[in-house]
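Here's the structure we're looking at; comments come further down.
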Amino acid sequence: MSVARRRGAGVVDPRGAAHRVRDVKRSTGGAPLTVGHDGMLPVRRNDGRAAGDECSDASPRNRPDVDLLCGRFVYAPGSSALLLNALPDPLHVSLGSTQTLGALQTVITLMRGEAQRRQPGALAIVTALSHALFAMALRAHGERAASGTGVLALLTDARLGASVQAMLDAPERARTIAELGERAAMSRATYARRFNERAGVTVMDFLTRIRMTIACDMLLRTRRSAAEIGETVGYQSEAAFGNAFAQSVGVTPGRYRRGAQADDVREA
């Protein structure tokens with residue numbers, strides 16, 4: 001994630017692809033880039049200052065055109081992929097509104113201060129603030145996507161959000177539309193209709209999608225058998241899991257695993 005401090009613009013690359021940031025209005029390159037370190041974070045700058053120098057008190061003429069704070073997030077595999085796959089690539093959010101700019105500046109100031117002072121616990125604090133920054137970006141995007149469809153629209157829905165979170169937290173549990181509707185304080189029919197409108201799929205199709213996302217990850221990252229994986233994501237037998245997997249993914253669990261392994265061999 002990259003954040004332009006002066007304008008409060010954030011860019012998230014959910015797939016981690018290589019990218020370049022440049023000034024499209026400038027025909028020539030900028031000043032030479034110097035690479036340093038402030039003791040915790042790598043610092044790259046081309047304003048003639050050394051790493052660790054403060055620029056907040058510089059005259060307006062000497063202040064940099066762009067001040068970027070960049071980082072990366074490592075997320076747990078499984079159902080979290082549903083959220084990231086639902087994000088546009090790249091995701092551009094503006095945190096510069098009057099409601100969010102103050103909070104954004106506070107978070108970034110705290111991160112910079114902790115990184116510069118490097119006191120005990122600084123890394124844990126910077127990590128936690130990075131999570132807060134990412135949550136702010138997701139919330140800003142979710143507010144724009146609230147009228148659309150998909151995972152974010154479901155999670156930001158005041159009435160559906162709790163039931164969706166329950167499915168994400170425990171996808172292996174058997175669910176009924178009536179039970180999920182109770183969490184949303186809706187009748188079975190009303191819940192099913194509203195869910196379909198916001199998700200673009202039925203309740204059970206969405207639950208299956210969660211389960212298959214987790215199953216695919218386990219097939220790739222573990223050596224557990226298809227029967228074990230199927231039980232983990234909520235299927236009582238290997239046959240039931242295999243049928244559901246083939247209908248959802250298009251191949252059997254075994255073929256999916258072998259295909260991924262063959263791809264790894266070819267890349268090597």
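Ligands are numbered from 1 in the order shown, chains are lettered A, B, ... in the order of the structure tokens, and residues start at 1 in each chain.
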
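Every protein or nucleic acid residue with an atom no more than 9 Å from range 117-133 of chain A, counting only C-alpha atoms and leaving out same-chain residues fewer than 5 positions away, appears here: Gly39, Met40, Gly71, Phe73, Leu104, Val107, Ile108, Leu110, Met111, Arg112 and Leu138 of chain A.
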
Just the alpha helix (DSSP H) stuff from range 124-231 of chain A, please, per backbone DSSP, written as number ranges by chain. A: 124-145, 151-155, 161-169, 177-183, 188-199, 203-221, 226-231

Let me make sure I understand: among A:Tyr235, A:Asp205, A:Ser187, A:Glu114, which one has the smallest atom-to-atom distance to Glu172 in chain A if we use only C-alpha atoms?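 Checking each of A:Tyr235, A:Asp205, A:Ser187, A:Glu114 against Glu172 in chain A, counting only C-alpha atoms, the winner is A:Tyr235.
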
Which one is closest to Arg223 in chain A: A:Met204, A:Arg257, A:Pro32, A:Arg20? Count only C-alpha atoms.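 Nearest to Arg223 in chain A: A:Arg257.
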
Please indicate the distance in Å from CA of Val203 in chain A to CA of Leu168 in chain A, rounded to one decimal place.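 CA of Val203 in chain A sits 12.4 Å away from CA of Leu168 in chain A.
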
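Taking only C-alpha atoms into account, Ser248 in chain A lies nearest to A:Arg211 out of the set A:Arg211, A:Arg188, A:His37, A:Arg72.
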
DSSP on the backbone: which residues in range 69-233 of chain A end up as strand (DSSP E or B)? Give the answer as JSON, numbers by chain. {"A": [69, 70, 91, 92, 93, 94]}
